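Q: Pasting in a structure now, in structure tokens, and then I'll have a few things to ask.
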Amino acid sequence: MSEGGKKLKISIVIPCYNEEGNVVELYNKINEILSDYTVEYIFIDDNSKDETLNILEELSEKDSNVKFISFSRNFGHQNALRAGLEYSTGECVISMDADLQHPPEILPKLIEKWKEGYEIVFTVRKDIENVSKFKKITASLFYKLINTLSDIDVKQGAADFRLLDKKIVRILIDDITEYHLFYRGLISWIGYKQTYIEYIPNKRFSGSTKYSLFKMINFATDGITSFSIRPLKLAILLGLSLSFFSAIYGIYVISMALFTDETLKGWASVLVSILFIGGINMILLGIVGEYIGKLYIQSKKRPYFLIKKSNI
Ligand code: UDP
Ligand code: MG
């Protein structure tokens with residue numbers, strides 16, 4: 001456990017958004033489980049509306065290994081992770097949620113794998129009994145969508161609970177400069193020596209989920225557009241097949257007019273097709289817009305987050 005009598009330093013990065021009921025419990029648990037190591041805690045307060053920041057400040061006064069970074073506004077989970085990685089100083093960094101859904105009991109297993117030489121040890125949620133039905137369905141849809149529409153392969157149930165060697169952390173901070181962060185995709189994309197551990201999630205210890213449906217949809221779109229332009233290719237494919245079918249139908253309509261006395265009735269079908277094509281056009285424009293919007297935001301080079309208060 002120790003190198004030359006000195007304890008190994010491990011950083012734990014914990015994004016917190018309204019987690020007043022969880023942070024102390026999590027801190028105590030980790031302290032107990034990782035007593036063989038020097039643990040550097042980096043709590044990122046994503047501009048919580050509750051007492052989270054005060055609790056973190058109190059904790060940091062008691063223990064100098066507790067660092068906190070408080071954002072000027074809610075910058076989101078992924079940006080909070082980035083802040084934590086950026087300021088971590090441990091030999092390896094473990095990121096986990098504040099709500100104890102990611103069981104601290106498996107931390108020694110992650111560290112074990114790292115000691116075996118793996119530079120990235122991610123986790124895969126095995127049994128999701130402790131997760132709501134809604135979450136199960138949306139999560140499974142999320143991974144399916146990402147894996148079909150993008151060029152990377154994210155394991156079903158791989159969340160932001162992972163260990164990274166400090167070398168990987170430096171790459172993620174210095175070399176990855178994209179604004180719309182989707183770490184589970186980046187981890188798959190980055191390569192290096194990876195392995196994973198399966199775990200059974202706990203129930204959220206206190207409070208409720210901070211990921212609304214809207215946030216989840218946004219997150220999924222970021223995941224897909226960050227790693228693929230396949231949706232744009234789908235647009236071409238859809239356009240081509242629609243043109244093909246309308247050409248065939250056109251031939252049919254013209255031959256009816258030329259070779260028979262029947263005229264095709266149907267303002268209804270005309271209206272429906274106009275609306276249909278209109279709808280498809282709007283959707284495709286939206287997809288193109290999504291990519292252009294991302295380019296626009298990226299070109300501004302704004303910071304990932306702004307710090308309101310910190311003890312680092
Ligand atoms: N979180 C955050 N900023 C946000 C939303 C969430 O820092 O805007 C944190 C949250 O405090 C938790 C982690 O991200 O530590 C995962 O959130 P949550 O547990 O609500 O997500 P779920 O487990 O329901 O997917
Ligand atoms: Mg959770």
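Quick note on naming: the chains in the structure tokens go A, B, ... in the order shown, residues restart at 1 in each chain, and ligands are numbered from 1 in order of appearance.
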Give me the chain A side of the contact with ligand 2, cut-off 7 Å, one line per residue showing its nearest atom pair and distance in Å at one decimal, counting only C-alpha atoms and all ligand atoms, sorted by chain and residue number, as JSON lines.
A:
```
{"residue": "A:Asp97", "atom": "CA", "partner": "ligand 2", "partner_atom_place_in_ligand_line": "1 (Mg)", "distance": 6.2}
{"residue": "A:Asp99", "atom": "CA", "partner": "ligand 2", "partner_atom_place_in_ligand_line": "1 (Mg)", "distance": 5.5}
{"residue": "A:Gln101", "atom": "CA", "partner": "ligand 2", "partner_atom_place_in_ligand_line": "1 (Mg)", "distance": 5.5}
{"residue": "A:Arg204", "atom": "CA", "partner": "ligand 2", "partner_atom_place_in_ligand_line": "1 (Mg)", "distance": 5.9}
{"residue": "A:Thr209", "atom": "CA", "partner": "ligand 2", "partner_atom_place_in_ligand_line": "1 (Mg)", "distance": 5.8}
```
Q: Please identify every polymer residue within 6 Å of ligand 1, using only C-alpha atoms and all ligand atoms, and present the set as a ChimeraX atom specification.
A: /A:15-17,19,46,74,76-77,80,97-99,209-211
Q: So what do you get for CA of Val169 (chain A) versus CA of Ile292 (chain A), distance-wise?
A: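 Between CA of Val169 (chain A) and CA of Ile292 (chain A) the gap works out to 28.9 Å.
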Q: Name the residues of region 15-260 of chain A that come out as strand (DSSP E or B) in a backbone DSSP run; write them as a PyMOL selection string.
A: chain A and resi 15-16+38-45+66-71+92-95+120-125+158-165+194-199
Q: Choose the residue, out of A:Val24, A:Leu213, A:Leu8, A:Leu234, that has the smallest atom-to-atom separation from Ile137 (chain A); count only C-alpha atoms.
A: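 Of A:Val24, A:Leu213, A:Leu8, A:Leu234, the one nearest Ile137 (chain A) is A:Leu213, counting only C-alpha atoms.
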Q: Excluding Ile168 (chain A) and residues on its chain fewer than 2 positions from it, collect all residues at most 9 Å away from it, counting only C-alpha atoms, and give them as number ranges by chain.
A: A: 92, 119-120, 164-166, 170-173, 190, 192
Q: Find, counting only C-alpha atoms, the residue in A:Asn31, A:Gln156, A:Ser299, A:Thr148 that gets nearest to Lys136 (chain A).
A: A:Gln156
Q: I'd like the neighbourhood of Tyr291 (chain A) as JSON, numbers by chain, where a residue qualifies if any of its atoms comes within 9 Å (using only C-alpha atoms), though same-chain residues fewer than 3 positions away should be ignored.
A: {"A": [225, 226, 229, 286, 287, 288, 294, 295, 296]}
Q: Would you export the selected residues with N, CA, C and O atoms as a PDB file, in the first residue's frame, please?
A:
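Output file out-v5.pdb is given in full below:
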```pdb
ATOM      1  N   THR A 225     -23.927  13.461 -30.999  1.00  0.00           N
ATOM      2  CA  THR A 225     -23.319  14.426 -31.920  1.00  0.00           C
ATOM      3  C   THR A 225     -21.815  14.590 -31.671  1.00  0.00           C
ATOM      4  O   THR A 225     -21.088  14.988 -32.569  1.00  0.00           O
ATOM      5  N   SER A 226     -21.364  14.285 -30.453  1.00  0.00           N
ATOM      6  CA  SER A 226     -19.933  14.431 -30.173  1.00  0.00           C
ATOM      7  C   SER A 226     -19.102  13.356 -30.856  1.00  0.00           C
ATOM      8  O   SER A 226     -17.915  13.529 -31.044  1.00  0.00           O
ATOM      9  N   ILE A 229     -21.148  11.687 -37.137  1.00  0.00           N
ATOM     10  CA  ILE A 229     -21.960  12.516 -38.017  1.00  0.00           C
ATOM     11  C   ILE A 229     -22.954  11.601 -38.733  1.00  0.00           C
ATOM     12  O   ILE A 229     -23.500  11.938 -39.768  1.00  0.00           O
ATOM     13  N   GLY A 286     -33.263  20.533 -38.131  1.00  0.00           N
ATOM     14  CA  GLY A 286     -32.930  20.545 -36.705  1.00  0.00           C
ATOM     15  C   GLY A 286     -31.635  19.789 -36.443  1.00  0.00           C
ATOM     16  O   GLY A 286     -30.788  20.238 -35.675  1.00  0.00           O
ATOM     17  N   ILE A 287     -31.482  18.641 -37.096  1.00  0.00           N
ATOM     18  CA  ILE A 287     -30.267  17.836 -36.904  1.00  0.00           C
ATOM     19  C   ILE A 287     -29.043  18.616 -37.384  1.00  0.00           C
ATOM     20  O   ILE A 287     -28.042  18.731 -36.693  1.00  0.00           O
ATOM     21  N   VAL A 288     -29.165  19.198 -38.573  1.00  0.00           N
ATOM     22  CA  VAL A 288     -28.048  20.001 -39.097  1.00  0.00           C
ATOM     23  C   VAL A 288     -27.774  21.147 -38.137  1.00  0.00           C
ATOM     24  O   VAL A 288     -26.624  21.453 -37.798  1.00  0.00           O
ATOM     25  N   LYS A 294     -23.397  23.456 -32.179  1.00  0.00           N
ATOM     26  CA  LYS A 294     -22.269  22.983 -31.371  1.00  0.00           C
ATOM     27  C   LYS A 294     -20.969  23.646 -31.837  1.00  0.00           C
ATOM     28  O   LYS A 294     -20.127  24.012 -31.028  1.00  0.00           O
ATOM     29  N   LEU A 295     -20.838  23.769 -33.157  1.00  0.00           N
ATOM     30  CA  LEU A 295     -19.656  24.437 -33.718  1.00  0.00           C
ATOM     31  C   LEU A 295     -19.586  25.867 -33.224  1.00  0.00           C
ATOM     32  O   LEU A 295     -18.528  26.377 -32.845  1.00  0.00           O
ATOM     33  N   TYR A 296     -20.732  26.537 -33.247  1.00  0.00           N
ATOM     34  CA  TYR A 296     -20.839  27.940 -32.844  1.00  0.00           C
ATOM     35  C   TYR A 296     -20.394  28.112 -31.389  1.00  0.00           C
ATOM     36  O   TYR A 296     -19.551  28.942 -31.073  1.00  0.00           O
TER      37      TYR A 296
END
```
Q: Expressed in Å to a single decimal, how great is the separation between CA of Pro201 (chain A) and CA of Arg162 (chain A)?
A: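 Value for the CA of Pro201 (chain A)-CA of Arg162 (chain A) distance: 13.8 Å.
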Q: Which polymer residues have any atom within 7 Å of an atom of Tyr37 (chain A), counting only C-alpha atoms, with same-chain residues fewer than 5 positions away left out, as a list in words?
A: Lys7, Leu8, Lys9 and Ile10 of chain A
Q: I'd like the neighbourhood of Phe205 (chain A) as a list in words, where a residue qualifies if any of its atoms comes within 9 Å (using only C-alpha atoms), though same-chain residues fewer than 3 positions away should be ignored.
A: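 The neighbour list is Gly21, Asn22, Glu25, Asp99, Leu100, Gln101, Asn202 and Ser208 of chain A.
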